[in-house]
>>> print(open('coords00.txt').read())   # compact mmCIF, C-alpha atoms
# COMPACT_ATOMS: atom_id res chain seq x y z
CA MET A 1 -1.93 11.21 9.20
CA CYS A 2 -3.72 13.85 7.19
CA TYR A 3 -2.02 15.54 4.28
CA ASN A 4 -2.69 18.95 5.83
CA GLU A 5 -0.50 18.03 8.80
CA GLU A 6 2.50 17.75 6.48
CA THR A 7 2.43 21.22 4.91
CA GLU A 8 6.19 21.73 5.18
CA ALA A 9 6.77 18.79 2.85
CA ARG A 10 3.85 19.51 0.51
CA GLU A 11 5.82 20.50 -2.57
CA GLY A 12 8.16 17.51 -2.30
CA HIS A 13 5.26 15.13 -1.85
CA GLU A 14 3.46 16.64 -4.84
CA ALA A 15 6.52 16.34 -7.08
CA TYR A 16 6.91 12.63 -6.34
CA MET A 17 3.17 12.03 -6.60
CA ARG A 18 3.32 13.56 -10.09
CA GLU A 19 5.89 10.87 -10.93
CA ALA A 20 3.46 8.25 -9.62
CA LEU A 21 0.67 9.80 -11.71
CA THR A 22 2.87 9.47 -14.81
CA GLU A 23 3.17 5.76 -14.00
CA ALA A 24 -0.62 5.54 -13.53
CA GLN A 25 -1.12 7.06 -16.98
CA ALA A 26 1.10 4.32 -18.43
CA ALA A 27 -1.17 1.70 -16.84
CA TYR A 28 -4.21 3.49 -18.29
CA ARG A 29 -2.71 3.43 -21.80
CA GLN A 30 -2.16 -0.34 -21.61
CA GLY A 31 -5.67 -1.06 -20.32
CA ASP A 32 -4.86 -1.62 -16.66
CA VAL A 33 -6.43 0.16 -13.69
CA PRO A 34 -4.45 3.42 -13.57
CA VAL A 35 -2.42 3.05 -10.41
CA GLY A 36 1.20 4.14 -10.28
CA ALA A 37 3.90 4.13 -7.62
CA VAL A 38 7.41 5.43 -7.08
CA ALA A 39 9.88 4.57 -4.34
CA VAL A 40 12.10 7.43 -3.19
CA ARG A 41 15.33 7.29 -1.19
CA GLY A 42 17.50 10.28 -0.42
CA GLY A 43 15.63 12.51 -2.84
CA ARG A 44 16.03 10.07 -5.74
CA VAL A 45 13.45 7.81 -7.36
CA ILE A 46 14.86 4.28 -7.04
CA GLY A 47 11.78 2.30 -8.05
CA ARG A 48 8.85 2.79 -10.40
CA GLY A 49 5.81 0.74 -11.18
CA HIS A 50 2.34 0.83 -12.64
CA ASN A 51 -0.34 -1.82 -12.69
CA CYS A 52 0.50 -4.54 -15.20
CA LYS A 53 -1.99 -7.18 -14.03
CA GLU A 54 -3.91 -7.27 -17.30
CA ALA A 55 -0.92 -6.76 -19.58
CA TRP A 56 1.11 -9.52 -17.92
CA GLY A 57 -1.73 -11.79 -16.77
CA ASP A 58 -0.17 -11.63 -13.29
CA PRO A 59 -2.36 -10.97 -10.25
CA THR A 60 0.66 -9.75 -8.28
CA ALA A 61 1.79 -7.16 -10.85
CA HIS A 62 0.57 -4.21 -8.79
CA ALA A 63 2.27 -0.82 -9.06
CA GLU A 64 3.50 -0.92 -5.45
CA ILE A 65 5.01 -4.41 -5.75
CA LEU A 66 6.90 -3.49 -8.93
CA ALA A 67 8.24 -0.26 -7.41
CA LEU A 68 9.31 -2.08 -4.23
CA ARG A 69 11.11 -4.76 -6.26
CA GLN A 70 13.13 -2.12 -8.13
CA ALA A 71 13.87 -0.28 -4.88
CA ALA A 72 15.10 -3.47 -3.19
CA GLU A 73 17.37 -4.14 -6.15
CA ASP A 74 18.74 -0.59 -5.97
CA VAL A 75 19.29 -0.74 -2.20
CA GLY A 76 20.64 -4.28 -2.30
CA SER A 77 18.35 -5.41 0.50
CA ARG A 78 14.77 -6.46 1.11
CA TYR A 79 14.67 -3.94 3.94
CA LEU A 80 13.75 -0.48 2.68
CA VAL A 81 14.12 1.34 5.99
CA ASP A 82 14.80 4.76 4.44
CA VAL A 83 12.45 4.59 1.45
CA THR A 84 9.17 6.45 1.01
CA LEU A 85 6.57 4.95 -1.31
CA TYR A 86 4.28 7.28 -3.25
CA CYS A 87 1.18 5.68 -4.73
CA THR A 88 -1.82 7.11 -6.53
CA MET A 89 -4.24 4.79 -4.71
CA GLU A 90 -4.42 3.25 -1.26
CA PRO A 91 -2.65 -0.14 -1.26
CA CYS A 92 -4.55 -3.42 -1.18
CA PRO A 93 -3.83 -6.02 1.54
CA MET A 94 -1.08 -7.68 -0.52
CA CYS A 95 0.73 -4.42 -1.15
CA ALA A 96 0.24 -3.18 2.42
CA GLY A 97 1.74 -6.45 3.65
CA ALA A 98 4.72 -5.95 1.36
CA LEU A 99 5.26 -2.46 2.79
CA VAL A 100 5.30 -3.88 6.31
CA LEU A 101 7.65 -6.73 5.38
CA ALA A 102 10.01 -4.31 3.61
CA ARG A 103 10.02 -2.02 6.69
CA VAL A 104 9.06 1.03 4.61
CA PRO A 105 8.68 3.91 7.10
CA LEU A 106 6.35 6.18 5.09
CA LEU A 107 3.58 5.73 2.52
CA VAL A 108 2.10 8.74 0.74
CA TYR A 109 -0.98 8.05 -1.35
CA ALA A 110 -3.56 10.09 -3.24
CA VAL A 111 -6.99 8.43 -2.98
CA ASP A 112 -8.62 5.84 -0.75
CA ASP A 113 -9.72 2.49 -2.10
CA PRO A 114 -13.15 2.00 -0.50
CA LYS A 115 -13.38 -1.62 -1.71
CA ALA A 116 -9.97 -3.08 -0.90
CA GLY A 117 -7.90 -0.42 0.86
CA ALA A 118 -5.59 -1.72 3.57
CA ALA A 119 -4.05 1.53 4.82
CA GLY A 120 -7.01 2.63 6.89
CA SER A 121 -10.18 2.70 4.80
CA VAL A 122 -11.30 -0.98 4.82
CA LEU A 123 -8.42 -2.54 6.76
CA ASP A 124 -5.40 -1.02 8.45
CA ILE A 125 -2.57 -3.46 7.98
CA LEU A 126 -0.02 -0.63 8.10
CA ASP A 127 -0.87 0.21 11.71
CA TRP A 128 -1.69 -3.29 12.97
CA PRO A 129 -0.30 -3.37 16.53
CA SER A 130 0.57 -7.10 16.46
CA LEU A 131 2.91 -6.73 13.50
CA ASN A 132 6.58 -6.00 14.02
CA HIS A 133 6.50 -2.82 11.90
CA GLN A 134 4.05 0.01 11.34
CA VAL A 135 4.07 2.38 8.39
CA ARG A 136 3.29 6.09 8.76
CA VAL A 137 0.69 7.23 6.21
CA ILE A 138 -0.05 10.56 4.53
CA THR A 139 -3.15 10.69 2.34
CA GLY A 140 -4.76 13.06 -0.12
CA VAL A 141 -1.71 14.28 -2.06
CA LEU A 142 -2.95 15.24 -5.57
CA ALA A 143 -6.14 13.32 -4.85
CA ASP A 144 -8.20 15.24 -7.43
CA GLU A 145 -5.83 14.30 -10.26
CA ALA A 146 -5.65 10.64 -9.25
CA ARG A 147 -9.42 10.41 -8.78
CA ALA A 148 -10.08 11.98 -12.20
CA LEU A 149 -7.78 9.46 -13.88
CA LEU A 150 -9.50 6.52 -12.16
CA GLN A 151 -12.97 7.86 -12.93
CA SER A 152 -12.09 8.36 -16.59
CA PHE A 153 -10.74 4.81 -16.85
CA PHE A 154 -13.82 3.20 -15.30
CA LYS A 155 -16.19 5.38 -17.34
CA GLU A 156 -14.49 4.22 -20.55
CA LEU A 157 -14.54 0.62 -19.32
CA ARG A 158 -18.31 0.76 -18.67
CA GLN A 159 -18.92 2.28 -22.11
CA SER A 160 -16.86 -0.34 -23.95
CA PRO A 161 -18.76 -3.17 -25.61
CA PRO A 162 -18.28 -6.56 -23.90
>>> encode(input="coords00.txt", output="structure tokens")
Amino acid sequence: MCYNEETEAREGHEAYMREALTEAQAAYRQGDVPVGAVAVRGGRVIGRGHNCKEAWGDPTAHAEILALRQAAEDVGSRYLVDVTLYCTMEPCPMCAGALVLARVPLLVYAVDDPKAGAAGSVLDILDWPSLNHQVRVITGVLADEARALLQSFFKELRQSPP
């Protein structure tokens, strides 16, 4: 679903996406790809995460996974049926699969991932008809801010000596 179709919820989505951007900035500062995520339930952030793959040496330490883990702990269940996940970048296949398995009803993300996106750009795991759950998707929320952060990170990375 396009961001423009959700104008009544625009300010709420932007506020939570700003929280996700704060997480992305934390990833940037520690040398990880600047992706951040927050899980929201009942108007309250119950999970936060930013990429920690490099910092932890863990290929599964994606922002979305970390936010979902905290949310599951807060809810007391692996099923997050009333949680919305806000993420600064389109989830990869692993993270999209986790959203389906957790039964998250809504994902809001800022920018597409044209290389590994699994919420509609490269793959669409979140709307795969054979799976037992589909996730509604809203894209483009604060896309300019998220894109600028990613571009800055990769520009610095290319300019760094090997």
>>> residues_around(input="coords00.txt", residues="Lys53 in chain A", least_positions_apart="4", cutoff="12 Å", atoms="all atoms listed in the file", output="ChimeraX atom specification")
/A:27-28,30-35,49,57-66
>>> axis_aligned_box(input="coords00.txt", around="range 119-127 of chain A", padding_each_side="3 Å", output="JSON")
{"center_x": -5.7, "center_y": -0.4, "center_z": 8.3, "size_x": 17.3, "size_y": 12.2, "size_z": 12.9}
>>> residues_near_point(input="coords00.txt", point="(9.8, 13.2, -6.0)", cutoff="10 Å", atoms="only C-alpha atoms", output="list in words")
Glu11, Gly12, His13, Glu14, Ala15, Tyr16, Met17, Arg18, Glu19, Ala20, Val38, Ala39, Val40, Arg41, Gly42, Gly43, Arg44, Val45, Thr84 and Tyr86 of chain A
>>> write_last_selection(input="coords00.txt", atoms="C-alpha atoms", output="PDB file, keeping the file's coordinate frame")
ATOM      1  CA  GLU A  11       5.820  20.500  -2.570  1.00  0.00           C
ATOM      2  CA  GLY A  12       8.160  17.510  -2.300  1.00  0.00           C
ATOM      3  CA  HIS A  13       5.260  15.130  -1.850  1.00  0.00           C
ATOM      4  CA  GLU A  14       3.460  16.640  -4.840  1.00  0.00           C
ATOM      5  CA  ALA A  15       6.520  16.340  -7.080  1.00  0.00           C
ATOM      6  CA  TYR A  16       6.910  12.630  -6.340  1.00  0.00           C
ATOM      7  CA  MET A  17       3.170  12.030  -6.600  1.00  0.00           C
ATOM      8  CA  ARG A  18       3.320  13.560 -10.090  1.00  0.00           C
ATOM      9  CA  GLU A  19       5.890  10.870 -10.930  1.00  0.00           C
ATOM     10  CA  ALA A  20       3.460   8.250  -9.620  1.00  0.00           C
ATOM     11  CA  VAL A  38       7.410   5.430  -7.080  1.00  0.00           C
ATOM     12  CA  ALA A  39       9.880   4.570  -4.340  1.00  0.00           C
ATOM     13  CA  VAL A  40      12.100   7.430  -3.190  1.00  0.00           C
ATOM     14  CA  ARG A  41      15.330   7.290  -1.190  1.00  0.00           C
ATOM     15  CA  GLY A  42      17.500  10.280  -0.420  1.00  0.00           C
ATOM     16  CA  GLY A  43      15.630  12.510  -2.840  1.00  0.00           C
ATOM     17  CA  ARG A  44      16.030  10.070  -5.740  1.00  0.00           C
ATOM     18  CA  VAL A  45      13.450   7.810  -7.360  1.00  0.00           C
ATOM     19  CA  THR A  84       9.170   6.450   1.010  1.00  0.00           C
ATOM     20  CA  TYR A  86       4.280   7.280  -3.250  1.00  0.00           C
TER      21      TYR A  86
END
>>> closest_residue(input="coords00.txt", among="A:Glu73, A:Glu90, A:Glu23, A:Asp144", to="Tyr109 in chain A", atoms="all atoms listed in the file")
A:Glu90
>>> closest_residue(input="coords00.txt", among="A:Gln134, A:Thr139, A:Ser152, A:Gln159", to="Thr88 in chain A", atoms="only C-alpha atoms")
A:Thr139
>>> closest_residue(input="coords00.txt", among="A:Leu123, A:Leu80, A:Ala37, A:Cys95", to="Val108 in chain A", atoms="only C-alpha atoms")
A:Ala37
>>> residues_around(input="coords00.txt", residues="Pro105 in chain A", least_positions_apart="3", cutoff="10 Å", atoms="all atoms listed in the file", output="list in words")
Leu80, Val81, Asp82, Val83, Thr84, Leu85, Leu99, Val100, Ala102, Leu126, His133, Gln134, Val135, Arg136 and Val137 of chain A
>>> closest_residue(input="coords00.txt", among="A:Ile46, A:Ala26, A:Leu157, A:Ala146", to="Ala110 in chain A", atoms="all atoms listed in the file")
A:Ala146
>>> atom_distance(input="coords00.txt", atom1="CA of Lys155 in chain A", atom2="CA of Ala143 in chain A")
17.9 Å
>>> atom_distance(input="coords00.txt", atom1="CA of Trp128 in chain A", atom2="CA of Tyr79 in chain A")
18.7 Å
>>> atom_distance(input="coords00.txt", atom1="CA of Ile125 in chain A", atom2="CA of Gln25 in chain A")
27.1 Å
>>> closest_residue(input="coords00.txt", among="A:Ala118, A:Arg103, A:Asp112, A:Leu131", to="Ser77 in chain A", atoms="only C-alpha atoms")
A:Arg103
>>> closest_residue(input="coords00.txt", among="A:Ala72, A:Leu149, A:Ala24, A:Leu106", to="Gly47 in chain A", atoms="all atoms listed in the file")
A:Ala72
